[in-house]
Every structure is written in structure tokens, then in C-alpha cells.
file input.pdb (PDB, C-alpha atoms)
ATOM      1  CA  MET A 130      17.820  -5.844 -68.186
ATOM      2  CA  GLU A 131      19.452  -2.508 -67.413
ATOM      3  CA  LYS A 132      22.415  -2.573 -65.069
ATOM      4  CA  ILE A 133      22.064  -0.540 -61.862
ATOM      5  CA  LYS A 134      24.783   2.138 -61.751
ATOM      6  CA  SER A 135      27.489   1.944 -59.083
ATOM      7  CA  SER A 136      26.455   5.339 -57.709
ATOM      8  CA  GLU A 137      22.916   4.000 -57.035
ATOM      9  CA  LEU A 138      23.891   0.662 -55.494
ATOM     10  CA  ILE A 139      27.242   0.884 -53.729
ATOM     11  CA  ILE A 140      28.895  -2.494 -53.150
ATOM     12  CA  ASN A 141      31.909  -2.881 -50.890
ATOM     13  CA  PRO A 142      35.125  -4.577 -52.140
ATOM     14  CA  ASP A 143      34.156  -7.779 -50.286
ATOM     15  CA  GLY A 144      30.850  -7.988 -52.186
ATOM     16  CA  SER A 145      28.698  -6.721 -49.311
ATOM     17  CA  VAL A 146      26.083  -3.959 -49.475
ATOM     18  CA  PHE A 147      27.318  -0.509 -48.504
ATOM     19  CA  HIS A 148      25.863   0.212 -45.054
ATOM     20  CA  LEU A 149      24.906  -3.187 -43.658
ATOM     21  CA  HIS A 150      28.138  -4.887 -44.788
ATOM     22  CA  LEU A 151      26.122  -8.060 -45.459
ATOM     23  CA  ARG A 152      26.438 -10.500 -48.329
ATOM     24  CA  PRO A 153      23.433 -12.604 -49.434
ATOM     25  CA  GLU A 154      24.616 -15.704 -47.591
ATOM     26  CA  HIS A 155      24.634 -13.797 -44.286
ATOM     27  CA  LEU A 156      20.885 -13.123 -44.319
ATOM     28  CA  ALA A 157      18.016 -15.320 -43.116
ATOM     29  CA  ASP A 158      14.540 -15.094 -44.664
ATOM     30  CA  THR A 159      13.093 -13.906 -41.327
ATOM     31  CA  VAL A 160      14.699 -10.783 -39.895
ATOM     32  CA  ILE A 161      14.097  -9.380 -36.419
ATOM     33  CA  LEU A 162      14.633  -5.610 -36.533
ATOM     34  CA  VAL A 163      15.582  -3.770 -33.336
ATOM     35  CA  GLY A 164      16.659  -0.180 -32.862
ATOM     36  CA  ASP A 165      19.424  -0.631 -30.293
ATOM     37  CA  PRO A 166      22.610  -2.409 -31.475
ATOM     38  CA  GLY A 167      22.915  -3.847 -27.954
ATOM     39  CA  ARG A 168      19.532  -5.503 -28.319
ATOM     40  CA  VAL A 169      20.846  -7.682 -31.177
ATOM     41  CA  GLU A 170      22.947  -9.527 -28.603
ATOM     42  CA  LEU A 171      19.836  -9.993 -26.449
ATOM     43  CA  VAL A 172      17.874 -11.486 -29.357
ATOM     44  CA  ALA A 173      20.828 -13.696 -30.320
ATOM     45  CA  SER A 174      21.116 -14.952 -26.724
ATOM     46  CA  PHE A 175      18.007 -17.038 -27.459
ATOM     47  CA  PHE A 176      19.546 -18.624 -30.575
ATOM     48  CA  ASP A 177      20.614 -22.262 -30.412
ATOM     49  CA  THR A 178      23.393 -21.711 -32.945
ATOM     50  CA  ILE A 179      25.106 -18.589 -34.309
ATOM     51  CA  GLU A 180      26.557 -18.395 -37.826
ATOM     52  CA  CYS A 181      27.949 -14.882 -37.933
ATOM     53  CA  THR A 182      27.920 -11.390 -36.434
ATOM     54  CA  ILE A 183      28.684  -8.423 -38.680
ATOM     55  CA  SER A 184      28.697  -4.765 -37.688
ATOM     56  CA  ASN A 185      29.148  -1.362 -39.301
ATOM     57  CA  ARG A 186      28.194   1.872 -37.548
ATOM     58  CA  GLU A 187      24.834   1.340 -35.817
ATOM     59  CA  PHE A 188      24.005  -1.626 -38.050
ATOM     60  CA  VAL A 189      24.758  -4.911 -36.271
ATOM     61  CA  THR A 190      23.541  -8.252 -37.622
ATOM     62  CA  THR A 191      23.680 -11.696 -36.043
ATOM     63  CA  THR A 192      22.344 -14.718 -37.937
ATOM     64  CA  GLY A 193      21.639 -18.053 -36.297
ATOM     65  CA  THR A 194      18.922 -20.604 -35.577
ATOM     66  CA  TYR A 195      16.156 -20.842 -32.993
ATOM     67  CA  LYS A 196      14.273 -24.131 -32.621
ATOM     68  CA  GLY A 197      15.521 -25.178 -36.042
ATOM     69  CA  LYS A 198      14.484 -21.985 -37.851
ATOM     70  CA  ARG A 199      17.030 -19.545 -39.253
ATOM     71  CA  PHE A 200      16.768 -15.926 -38.085
ATOM     72  CA  SER A 201      18.756 -12.734 -38.523
ATOM     73  CA  ALA A 202      18.649 -10.064 -35.822
ATOM     74  CA  LEU A 203      19.550  -6.621 -37.158
ATOM     75  CA  SER A 204      19.797  -3.220 -35.466
ATOM     76  CA  THR A 205      18.537  -0.244 -37.450
ATOM     77  CA  GLY A 206      19.353   2.617 -35.114
ATOM     78  CA  ILE A 207      16.644   5.210 -34.479
ATOM     79  CA  GLY A 208      14.352   6.672 -37.114
ATOM     80  CA  THR A 209      12.766   6.061 -40.498
ATOM     81  CA  ASP A 210      15.761   7.539 -42.337
ATOM     82  CA  ASN A 211      17.766   4.518 -41.209
ATOM     83  CA  ILE A 212      14.886   2.219 -42.176
ATOM     84  CA  ASP A 213      15.153   3.558 -45.729
ATOM     85  CA  ILE A 214      18.728   2.268 -45.773
ATOM     86  CA  VAL A 215      17.987  -1.036 -44.058
ATOM     87  CA  VAL A 216      14.956  -2.191 -46.063
ATOM     88  CA  ASN A 217      16.374  -1.155 -49.439
ATOM     89  CA  GLU A 218      19.659  -2.932 -48.741
ATOM     90  CA  LEU A 219      17.922  -6.052 -47.409
ATOM     91  CA  ASP A 220      15.847  -6.152 -50.593
ATOM     92  CA  ALA A 221      18.975  -5.717 -52.709
ATOM     93  CA  LEU A 222      20.562  -8.715 -50.981
ATOM     94  CA  VAL A 223      17.769 -11.051 -52.077
ATOM     95  CA  ASN A 224      16.364  -9.478 -55.256
ATOM     96  CA  ILE A 225      19.367  -7.981 -57.030
ATOM     97  CA  ASP A 226      22.302  -9.935 -58.431
ATOM     98  CA  LEU A 227      25.132  -7.972 -56.831
ATOM     99  CA  GLU A 228      27.697  -9.215 -59.361
ATOM    100  CA  THR A 229      25.765  -8.219 -62.497
ATOM    101  CA  ARG A 230      23.918  -5.326 -60.771
ATOM    102  CA  THR A 231      20.606  -6.437 -62.294
ATOM    103  CA  PRO A 232      17.281  -7.374 -60.646
ATOM    104  CA  LYS A 233      16.721 -11.117 -60.375
ATOM    105  CA  LYS A 234      13.951 -12.696 -62.472
ATOM    106  CA  GLU A 235      12.384 -14.447 -59.474
ATOM    107  CA  HIS A 236      11.295 -12.263 -56.556
ATOM    108  CA  LYS A 237      12.008 -13.338 -52.976
ATOM    109  CA  SER A 238       9.964 -12.110 -50.009
ATOM    110  CA  LEU A 239      11.463 -11.555 -46.576
ATOM    111  CA  ASN A 240       9.638 -11.480 -43.248
ATOM    112  CA  LEU A 241      10.637  -8.313 -41.369
ATOM    113  CA  VAL A 242       9.453  -8.005 -37.763
ATOM    114  CA  ARG A 243      10.315  -5.016 -35.627
ATOM    115  CA  ILE A 244      10.583  -5.543 -31.865
ATOM    116  CA  GLY A 245      10.768  -2.277 -29.976
ATOM    117  CA  THR A 246       9.596  -0.077 -27.144
ATOM    118  CA  SER A 247       6.783   2.432 -27.290
ATOM    119  CA  GLY A 248       4.633   4.954 -25.462
ATOM    120  CA  ALA A 249       0.858   4.422 -25.291
ATOM    121  CA  LEU A 250      -1.621   7.103 -26.397
ATOM    122  CA  GLN A 251      -4.740   5.569 -24.838
ATOM    123  CA  GLY A 252      -5.365   5.381 -21.115
ATOM    124  CA  PHE A 253      -6.615   1.783 -21.247
ATOM    125  CA  ILE A 254      -3.266   0.377 -22.459
ATOM    126  CA  PRO A 255      -1.292  -0.911 -19.460
ATOM    127  CA  ILE A 256       2.411  -0.425 -18.863
ATOM    128  CA  ASP A 257       4.531  -3.501 -19.701
ATOM    129  CA  SER A 258       1.935  -4.835 -22.164
ATOM    130  CA  PHE A 259       2.624  -5.953 -25.761
ATOM    131  CA  LEU A 260       1.204  -3.903 -28.646
ATOM    132  CA  LEU A 261       0.943  -5.399 -32.134
ATOM    133  CA  SER A 262       0.614  -2.731 -34.820
ATOM    134  CA  ASN A 263      -1.969  -3.499 -37.507
ATOM    135  CA  LYS A 264      -1.345  -0.126 -39.182
ATOM    136  CA  SER A 265       1.332   2.526 -38.916
ATOM    137  CA  ILE A 266       1.068   6.264 -39.549
ATOM    138  CA  GLY A 267       4.237   7.954 -40.760
ATOM    139  CA  PHE A 268       4.753  11.513 -39.519
ATOM    140  CA  ASP A 269       8.184  11.500 -41.200
ATOM    141  CA  GLY A 270       7.102  11.939 -44.835
ATOM    142  CA  MET A 271       9.753   9.481 -46.044
ATOM    143  CA  LEU A 272       7.393   7.330 -48.099
ATOM    144  CA  ASN A 273       6.224  10.423 -50.001
ATOM    145  CA  PHE A 274       9.490  10.359 -51.968
ATOM    146  CA  TYR A 275       8.441   7.075 -53.632
ATOM    147  CA  ALA A 276       6.133   6.975 -56.660
ATOM    148  CA  GLU A 277       4.175   3.926 -55.450
ATOM    149  CA  ARG A 278       3.299   5.295 -52.001
ATOM    150  CA  ASP A 279      -0.418   5.616 -52.819
ATOM    151  CA  ASN A 280      -0.579   1.978 -53.941
ATOM    152  CA  VAL A 281       0.271   0.686 -50.455
ATOM    153  CA  SER A 282      -1.380   3.383 -48.317
ATOM    154  CA  ASP A 283      -4.807   3.581 -46.702
ATOM    155  CA  LEU A 284      -5.783   6.864 -48.348
ATOM    156  CA  ASN A 285      -9.196   7.115 -46.679
ATOM    157  CA  PHE A 286      -7.609   6.786 -43.241
ATOM    158  CA  GLU A 287      -5.017   9.399 -44.178
ATOM    159  CA  LYS A 288      -7.632  11.935 -45.260
ATOM    160  CA  ALA A 289      -9.837  11.346 -42.217
ATOM    161  CA  PHE A 290      -6.880  11.762 -39.879
ATOM    162  CA  LYS A 291      -5.587  14.954 -41.488
ATOM    163  CA  ASP A 292      -9.070  16.464 -41.509
ATOM    164  CA  PHE A 293      -9.766  15.552 -37.877
ATOM    165  CA  VAL A 294      -6.527  16.928 -36.401
ATOM    166  CA  LYS A 295      -6.404  19.862 -38.857
ATOM    167  CA  TRP A 296      -2.954  18.818 -40.034
ATOM    168  CA  ASP A 297      -0.677  21.815 -40.589
ATOM    169  CA  SER A 298       0.612  22.187 -44.157
ATOM    170  CA  LYS A 299       4.084  23.080 -42.862
ATOM    171  CA  LEU A 300       4.478  19.462 -41.732
ATOM    172  CA  ALA A 301       5.217  16.469 -43.971
ATOM    173  CA  SER A 302       1.999  14.815 -45.110
ATOM    174  CA  PRO A 303       1.341  11.655 -43.041
ATOM    175  CA  TYR A 304       0.925   8.261 -44.702
ATOM    176  CA  VAL A 305      -0.840   5.156 -43.359
ATOM    177  CA  VAL A 306       0.268   1.611 -44.236
ATOM    178  CA  PRO A 307      -1.159  -1.715 -42.963
ATOM    179  CA  ALA A 308       1.047  -4.470 -41.573
ATOM    180  CA  SER A 309       1.161  -7.854 -43.326
ATOM    181  CA  LYS A 310      -1.871  -9.957 -42.397
ATOM    182  CA  ASN A 311       0.024 -13.253 -42.370
ATOM    183  CA  LEU A 312       2.495 -11.924 -39.800
ATOM    184  CA  ILE A 313      -0.273 -10.338 -37.712
ATOM    185  CA  ASP A 314      -2.010 -13.724 -37.628
ATOM    186  CA  ALA A 315       1.227 -15.495 -36.658
ATOM    187  CA  LEU A 316       2.083 -13.052 -33.856
ATOM    188  CA  ASP A 317      -1.353 -12.364 -32.384
ATOM    189  CA  GLY A 318      -2.493 -13.872 -29.099
ATOM    190  CA  LYS A 319      -4.265 -13.135 -25.833
ATOM    191  CA  ASP A 320      -1.166 -11.288 -24.628
ATOM    192  CA  MET A 321      -1.210  -8.875 -27.592
ATOM    193  CA  ILE A 322      -3.159  -5.615 -27.897
ATOM    194  CA  GLN A 323      -3.706  -4.652 -31.537
ATOM    195  CA  GLY A 324      -3.684  -1.013 -32.516
ATOM    196  CA  VAL A 325      -2.620   1.775 -34.864
ATOM    197  CA  THR A 326       0.889   3.105 -34.317
ATOM    198  CA  ILE A 327       2.386   6.498 -35.137
ATOM    199  CA  SER A 328       6.011   6.619 -36.261
ATOM    200  CA  ALA A 329       7.260  10.067 -35.269
ATOM    201  CA  ASN A 330      10.321  11.678 -36.822
ATOM    202  CA  GLY A 331      11.666  12.757 -33.462
ATOM    203  CA  PHE A 332      11.360  11.961 -29.753
ATOM    204  CA  TYR A 333      10.582  15.394 -28.333
ATOM    205  CA  GLY A 334       8.597  17.928 -30.368
ATOM    206  CA  PRO A 335       7.215  15.452 -32.922
ATOM    207  CA  GLN A 336       5.767  13.395 -30.046
ATOM    208  CA  GLY A 337       4.434  16.454 -28.210
ATOM    209  CA  ARG A 338       7.126  16.655 -25.527
ATOM    210  CA  VAL A 339       7.983  20.149 -24.324
ATOM    211  CA  LEU A 340      11.290  20.974 -22.649
ATOM    212  CA  ARG A 341      12.318  24.523 -23.653
ATOM    213  CA  LEU A 342      10.736  24.610 -27.122
ATOM    214  CA  GLN A 343       6.997  24.876 -27.703
ATOM    215  CA  THR A 344       5.341  22.606 -30.268
ATOM    216  CA  LEU A 345       3.517  23.820 -33.379
ATOM    217  CA  ASP A 346       0.234  22.213 -32.242
ATOM    218  CA  PRO A 347       0.071  21.837 -28.434
ATOM    219  CA  ASP A 348      -3.267  19.987 -28.732
ATOM    220  CA  LEU A 349      -2.120  17.381 -31.251
ATOM    221  CA  ASN A 350      -1.842  14.478 -28.774
ATOM    222  CA  ASP A 351      -5.292  15.247 -27.368
ATOM    223  CA  LYS A 352      -6.736  15.120 -30.888
ATOM    224  CA  ILE A 353      -4.840  11.914 -31.643
ATOM    225  CA  GLU A 354      -6.289  10.294 -28.515
ATOM    226  CA  LYS A 355      -9.842  11.202 -29.599
ATOM    227  CA  PHE A 356      -9.484  10.237 -33.280
ATOM    228  CA  ASP A 357     -11.449   7.179 -34.424
ATOM    229  CA  PHE A 358     -11.634   5.786 -37.950
ATOM    230  CA  GLN A 359     -14.213   3.046 -38.454
ATOM    231  CA  GLY A 360     -13.623   1.755 -34.926
ATOM    232  CA  GLU A 361      -9.830   2.002 -35.077
ATOM    233  CA  LYS A 362      -8.029   4.214 -32.578
ATOM    234  CA  ILE A 363      -4.417   5.366 -32.520
ATOM    235  CA  THR A 364      -2.679   3.529 -29.701
ATOM    236  CA  ASN A 365       1.012   4.400 -29.489
ATOM    237  CA  TYR A 366       4.096   6.285 -30.640
ATOM    238  CA  GLU A 367       7.381   4.822 -31.841
ATOM    239  CA  MET A 368       9.825   5.852 -34.592
ATOM    240  CA  GLU A 369      10.324   3.180 -37.281
ATOM    241  CA  SER A 370       7.340   0.987 -38.180
ATOM    242  CA  SER A 371       5.721   3.212 -40.853
ATOM    243  CA  ALA A 372       8.758   3.051 -43.121
ATOM    244  CA  ILE A 373       9.184  -0.677 -42.476
ATOM    245  CA  PHE A 374       5.570  -1.327 -43.492
ATOM    246  CA  GLY A 375       5.604   1.052 -46.465
ATOM    247  CA  LEU A 376       8.905   0.051 -48.058
ATOM    248  CA  SER A 377       8.218  -3.653 -47.435
ATOM    249  CA  ALA A 378       4.801  -3.402 -49.102
ATOM    250  CA  MET A 379       6.222  -1.624 -52.163
ATOM    251  CA  LEU A 380       9.115  -4.086 -52.446
ATOM    252  CA  GLY A 381       6.990  -7.203 -51.888
ATOM    253  CA  HIS A 382       8.078  -8.181 -48.377
ATOM    254  CA  ASN A 383       6.028  -9.006 -45.269
ATOM    255  CA  ALA A 384       6.312  -6.659 -42.291
ATOM    256  CA  ALA A 385       5.003  -6.360 -38.750
ATOM    257  CA  ALA A 386       5.912  -4.571 -35.534
ATOM    258  CA  VAL A 387       5.312  -5.421 -31.898
ATOM    259  CA  CYS A 388       6.375  -3.151 -29.055
ATOM    260  CA  ALA A 389       6.647  -3.310 -25.311
ATOM    261  CA  ILE A 390       4.666  -0.418 -23.821
ATOM    262  CA  ILE A 391       7.115   1.249 -21.438
ATOM    263  CA  ALA A 392       5.186   4.497 -20.837
ATOM    264  CA  ASN A 393       1.637   5.808 -21.033
ATOM    265  CA  ARG A 394       1.500   9.390 -22.274
ATOM    266  CA  ILE A 395      -2.117   9.839 -21.159
ATOM    267  CA  ASN A 396      -1.758   8.485 -17.625
ATOM    268  CA  LYS A 397       1.719  10.046 -17.291
ATOM    269  CA  ASP A 398       3.317   6.877 -15.932
ATOM    270  CA  ALA A 399       6.236   4.704 -16.999
ATOM    271  CA  SER A 400       7.591   1.207 -16.418
ATOM    272  CA  LYS A 401       9.810   0.846 -13.367
ATOM    273  CA  ASP A 402      11.940  -1.742 -15.221
ATOM    274  CA  TYR A 403      11.009  -2.537 -18.806
ATOM    275  CA  LYS A 404      13.956  -4.831 -19.597
ATOM    276  CA  PRO A 405      12.251  -8.064 -18.410
ATOM    277  CA  THR A 406       9.209  -7.136 -20.539
ATOM    278  CA  VAL A 407      11.371  -6.683 -23.632
ATOM    279  CA  LYS A 408      13.120 -10.000 -22.993
ATOM    280  CA  ASN A 409       9.775 -11.767 -22.630
ATOM    281  CA  LEU A 410       8.535 -10.113 -25.829
ATOM    282  CA  ILE A 411      11.578 -11.282 -27.808
ATOM    283  CA  GLN A 412      11.082 -14.897 -26.740
ATOM    284  CA  THR A 413       7.351 -14.677 -27.496
ATOM    285  CA  VAL A 414       7.997 -13.396 -31.020
ATOM    286  CA  LEU A 415      10.675 -16.007 -31.730
ATOM    287  CA  ASP A 416       8.398 -18.799 -30.484
ATOM    288  CA  ARG A 417       5.487 -17.682 -32.665
ATOM    289  CA  LEU A 418       7.605 -17.225 -35.776
ATOM    290  CA  SER A 419       9.367 -20.555 -35.361
TER
END
call {"tool": "encode", "arguments": {"input": "input.pdb", "output": "C-alpha cells"}}
result
Amino acid sequence: MEKIKSSELIINPDGSVFHLHLRPEHLADTVILVGDPGRVELVASFFDTIECTISNREFVTTTGTYKGKRFSALSTGIGTDNIDIVVNELDALVNIDLETRTPKKEHKSLNLVRIGTSGALQGFIPIDSFLLSNKSIGFDGMLNFYAERDNVSDLNFEKAFKDFVKWDSKLASPYVVPASKNLIDALDGKDMIQGVTISANGFYGPQGRVLRLQTLDPDLNDKIEKFDFQGEKITNYEMESSAIFGLSAMLGHNAAAVCAIIANRINKDASKDYKPTVKNLIQTVLDRLS
């Protein structure tokens, strides 16, 4: 088996992967992904035991146990560009022998669950509710750099969406990837709203916010609200889940995302204090995964 060159997989002197600074023994099979490094501490506050905390730049990881199950909580920072780093390095930790720099013969699957915050794109979605993404649409174009992107994407959904909104060719072509059914089944409940999530590659213009710069398509959010594909409607914006779903599917991992709705872009309202909602969501996810 061909050895992976050092320029392609950079390993630190202590044997850890380049950005995350993790070694294989630091990582649990179930990983809670959060954007904010400070939120790792909040997730870990629910753990019964803590093995280790490792940080480098915006990437902070704490591994421990909750109700007898081992978890890692890892911060990704904001955006799908960081997800490209995180998911590839997590996969390397379990599926590449870092000493020989060769892929392992037996594949190992991780469970990657993003917990985040989000803005709703449908008026019926209440503030401080939980939204479980069954699909994610990537506005970022990141998955388009990978040869297998069509194998994991819902191409019919993609075409219908681009046709309906009259997608501008100057923008990266969107991709649509389903979440893992086994994780959806594990996380779902009466307190969860299921929907289709957009991962935007920015917070302002890419999500239709106007401060001093006008957007390319001022009507895009209105068209998104009206779009329907075989009974599925687009429910919310966030900034990471599309790359998590896409890279995980191509690499053979399970992925899901559940967000606290802290604003409604249609009703123009926002949560007065979303922190208790996020805390409740974290405990709910840990309980259902354990």
C-alpha cells in the first residue's frame, strides 16, 4: 500500500495530527462537534469523568464519559473550511496508521454530531426550538473539490433547487447531502423539528443580511422560503453541517446536526436568552446518544 507523503498528511513531533493536535488514543468513537471553543467546556460539564483536554488554535477537544459512554467534544470554529480540516483529520486518526502513513485494512466509522445555533427560514418554526437536519445544502462549494461528491449528493434536489431560485453561475454550485439515518433515528423525538438546512459560507451577504453592501440576489431568501421538493422545505441557516455530512458520507462515517433556533429570519425575531436552550439541547443529545 502506497505511503502517504509527509506534505499531504502532516504529523507533529509528538505523533498527533497537524491541526487538531490529537493522537488516536485521545479520540472517542462518538464526537460532539461545536463551533465555539468555549462550548466544549459546556459539553464537558455534563461528563462524569474527563480523560484529557487538548487545544490548538480554535480546535479544542475534551474526551470523557457520560453515563458510561465515551464522548469527545471538539470545537471546529466557524465555517466549512474548518470542517474540511476537522473531518479529514478525525478520519486520519482512526483509518490511517500514522506511523507507517498507510491506510488501515479495516475501516472504522465515527459518529459525528454537530450541536449548534441557527436561524429559521420558515415562519412556523418557533424561537428556542430544536431543529434536526435531515439534509444539508452547501452554499460553500467545498464538496465540489472532491471526486466522489456526486456519489453522496441528492442530485435531483440540487437541480430542482437551482432551477427554482435561478441560481447565479457566479456563485459556487450548491450540493445537497442527507444526514445519517441511524443518527436521525437516535436523536429524533417530539421535541425535535426535522428539516433541510442551508450551510452558508458567510454570516452576512451569503445569508441575505444587508448592512452597507447589497446582495447579488435580494430575493434569494424569499425564494428559499417558498421552495418545496417532494414535500421537503428548507428550514434554517447555519454554517457547517453540509461539509460534515458530505465528507462523513464519502469517508464512511455517520453524521447528524441539531441546532437551537435562536432567531427567525421570516418573523424578524430572536431569542431573548438562548444559552439555557443550548444547554438543554446538549443534555438531550448526550442522553439520546448514550
call {"tool": "resolve_selection", "arguments": {"input": "input.pdb", "expression": "the PyMOL selection byres ((chain A and resi 213) around 10)", "output": "short mmCIF file (atom, residue, chain, number, x, y, z; two decimals) with C-alpha atoms, in the frame of the given file"}}
result
data_model
loop_
_atom_site.label_atom_id
_atom_site.label_comp_id
_atom_site.auth_asym_id
_atom_site.auth_seq_id
_atom_site.Cartn_x
_atom_site.Cartn_y
_atom_site.Cartn_z
CA THR A 205 18.54 -0.24 -37.45
CA GLY A 208 14.35 6.67 -37.11
CA THR A 209 12.77 6.06 -40.50
CA ASP A 210 15.76 7.54 -42.34
CA ASN A 211 17.77 4.52 -41.21
CA ILE A 212 14.89 2.22 -42.18
CA ILE A 214 18.73 2.27 -45.77
CA VAL A 215 17.99 -1.04 -44.06
CA VAL A 216 14.96 -2.19 -46.06
CA ASN A 217 16.37 -1.16 -49.44
CA GLU A 218 19.66 -2.93 -48.74
CA MET A 271 9.75 9.48 -46.04
CA LEU A 272 7.39 7.33 -48.10
CA GLU A 369 10.32 3.18 -37.28
CA ALA A 372 8.76 3.05 -43.12
CA ILE A 373 9.18 -0.68 -42.48
CA GLY A 375 5.60 1.05 -46.46
CA LEU A 376 8.90 0.05 -48.06
#
call {"tool": "residues_around", "arguments": {"input": "input.pdb", "residues": "A:Gln336", "least_positions_apart": "5", "cutoff": "9 Å", "atoms": "all atoms listed in the file", "output": "ChimeraX atom specification"}}
result
/A:329-331,349-350,366-367
call {"tool": "axis_aligned_box", "arguments": {"input": "input.pdb", "around": "stretch 212-217 of chain A", "padding_each_side": "3 Å", "output": "JSON"}}
result
{"center_x": 16.8, "center_y": 0.7, "center_z": -45.8, "size_x": 9.8, "size_y": 11.7, "size_z": 13.3}
call {"tool": "closest_residue", "arguments": {"input": "input.pdb", "among": "A:Thr231, A:Ser184, A:Ser265, A:Asn141", "to": "A:Thr326", "atoms": "only C-alpha atoms"}}
result
A:Ser265
call {"tool": "resolve_selection", "arguments": {"input": "input.pdb", "expression": "the PyMOL selection byres ((chain A and resi 345) around 10)", "output": "count of residues only"}}
result
13
call {"tool": "resolve_selection", "arguments": {"input": "input.pdb", "expression": "the PyMOL selection byres ((chain A and resi 262) around 12)", "output": "MDAnalysis selection string"}}
result
chainID A and resid 242:245 247 249 259:261 263:266 305:310 312:314 316:317 321:328 361:367 369:371 373:374 384:390
call {"tool": "closest_residue", "arguments": {"input": "input.pdb", "among": "A:Ile411, A:Ala289, A:Leu418, A:Leu340", "to": "A:Leu171", "atoms": "all atoms listed in the file"}}
result
A:Ile411
call {"tool": "closest_residue", "arguments": {"input": "input.pdb", "among": "A:Lys134, A:Ala378, A:Asp320, A:Asn240", "to": "A:Ser282", "atoms": "all atoms listed in the file"}}
result
A:Ala378
call {"tool": "closest_residue", "arguments": {"input": "input.pdb", "among": "A:Val163, A:Ile391, A:Ala157, A:Ile183", "to": "A:Tyr195", "atoms": "only C-alpha atoms"}}
result
A:Ala157
call {"tool": "atom_distance", "arguments": {"input": "input.pdb", "atom1": "atom CA of A:Leu284", "atom2": "atom CA of A:Leu380"}}
result
18.9 Å
call {"tool": "closest_residue", "arguments": {"input": "input.pdb", "among": "A:Arg168, A:Arg186, A:Arg199, A:Lys288", "to": "A:Leu415", "atoms": "all atoms listed in the file"}}
result
A:Arg199
call {"tool": "closest_residue", "arguments": {"input": "input.pdb", "among": "A:Ser377, A:Thr191, A:Ser145, A:Thr406", "to": "A:Asp226", "atoms": "only C-alpha atoms"}}
result
A:Ser145
call {"tool": "atom_distance", "arguments": {"input": "input.pdb", "atom1": "atom CA of A:Leu156", "atom2": "atom CA of A:Ala315"}}
result
21.2 Å
call {"tool": "build_atoms", "arguments": {"input": "input.pdb", "residues": "stretch 198-209 of chain A", "atoms": "N, CA and C atoms", "output": "tab-separated table (two decimals), in the coordinates of the input"}}
result
chain	number	residue	atom	x	y	z
A	198	LYS	N	14.78	-22.98	-36.83
A	198	LYS	CA	14.48	-21.98	-37.85
A	198	LYS	C	15.59	-20.94	-37.87
A	199	ARG	N	15.96	-20.53	-39.08
A	199	ARG	CA	17.03	-19.55	-39.25
A	199	ARG	C	16.47	-18.13	-39.11
A	200	PHE	N	17.14	-17.31	-38.30
A	200	PHE	CA	16.77	-15.93	-38.08
A	200	PHE	C	17.99	-15.04	-38.25
A	201	SER	N	17.76	-13.79	-38.67
A	201	SER	CA	18.76	-12.73	-38.52
A	201	SER	C	18.19	-11.69	-37.58
A	202	ALA	N	19.01	-11.20	-36.67
A	202	ALA	CA	18.65	-10.06	-35.82
A	202	ALA	C	19.50	-8.89	-36.27
A	203	LEU	N	18.85	-7.76	-36.55
A	203	LEU	CA	19.55	-6.62	-37.16
A	203	LEU	C	19.14	-5.33	-36.46
A	204	SER	N	20.11	-4.52	-36.07
A	204	SER	CA	19.80	-3.22	-35.47
A	204	SER	C	19.75	-2.15	-36.55
A	205	THR	N	18.74	-1.29	-36.44
A	205	THR	CA	18.54	-0.24	-37.45
A	205	THR	C	18.98	1.12	-36.96
A	206	GLY	N	19.24	1.28	-35.65
A	206	GLY	CA	19.35	2.62	-35.11
A	206	GLY	C	17.97	3.23	-35.00
A	207	ILE	N	17.91	4.53	-34.71
A	207	ILE	CA	16.64	5.21	-34.48
A	207	ILE	C	16.21	5.97	-35.73
A	208	GLY	N	14.94	5.81	-36.11
A	208	GLY	CA	14.35	6.67	-37.11
A	208	GLY	C	14.10	6.03	-38.46
A	209	THR	N	13.14	6.61	-39.19
A	209	THR	CA	12.77	6.06	-40.50
A	209	THR	C	13.82	6.33	-41.56
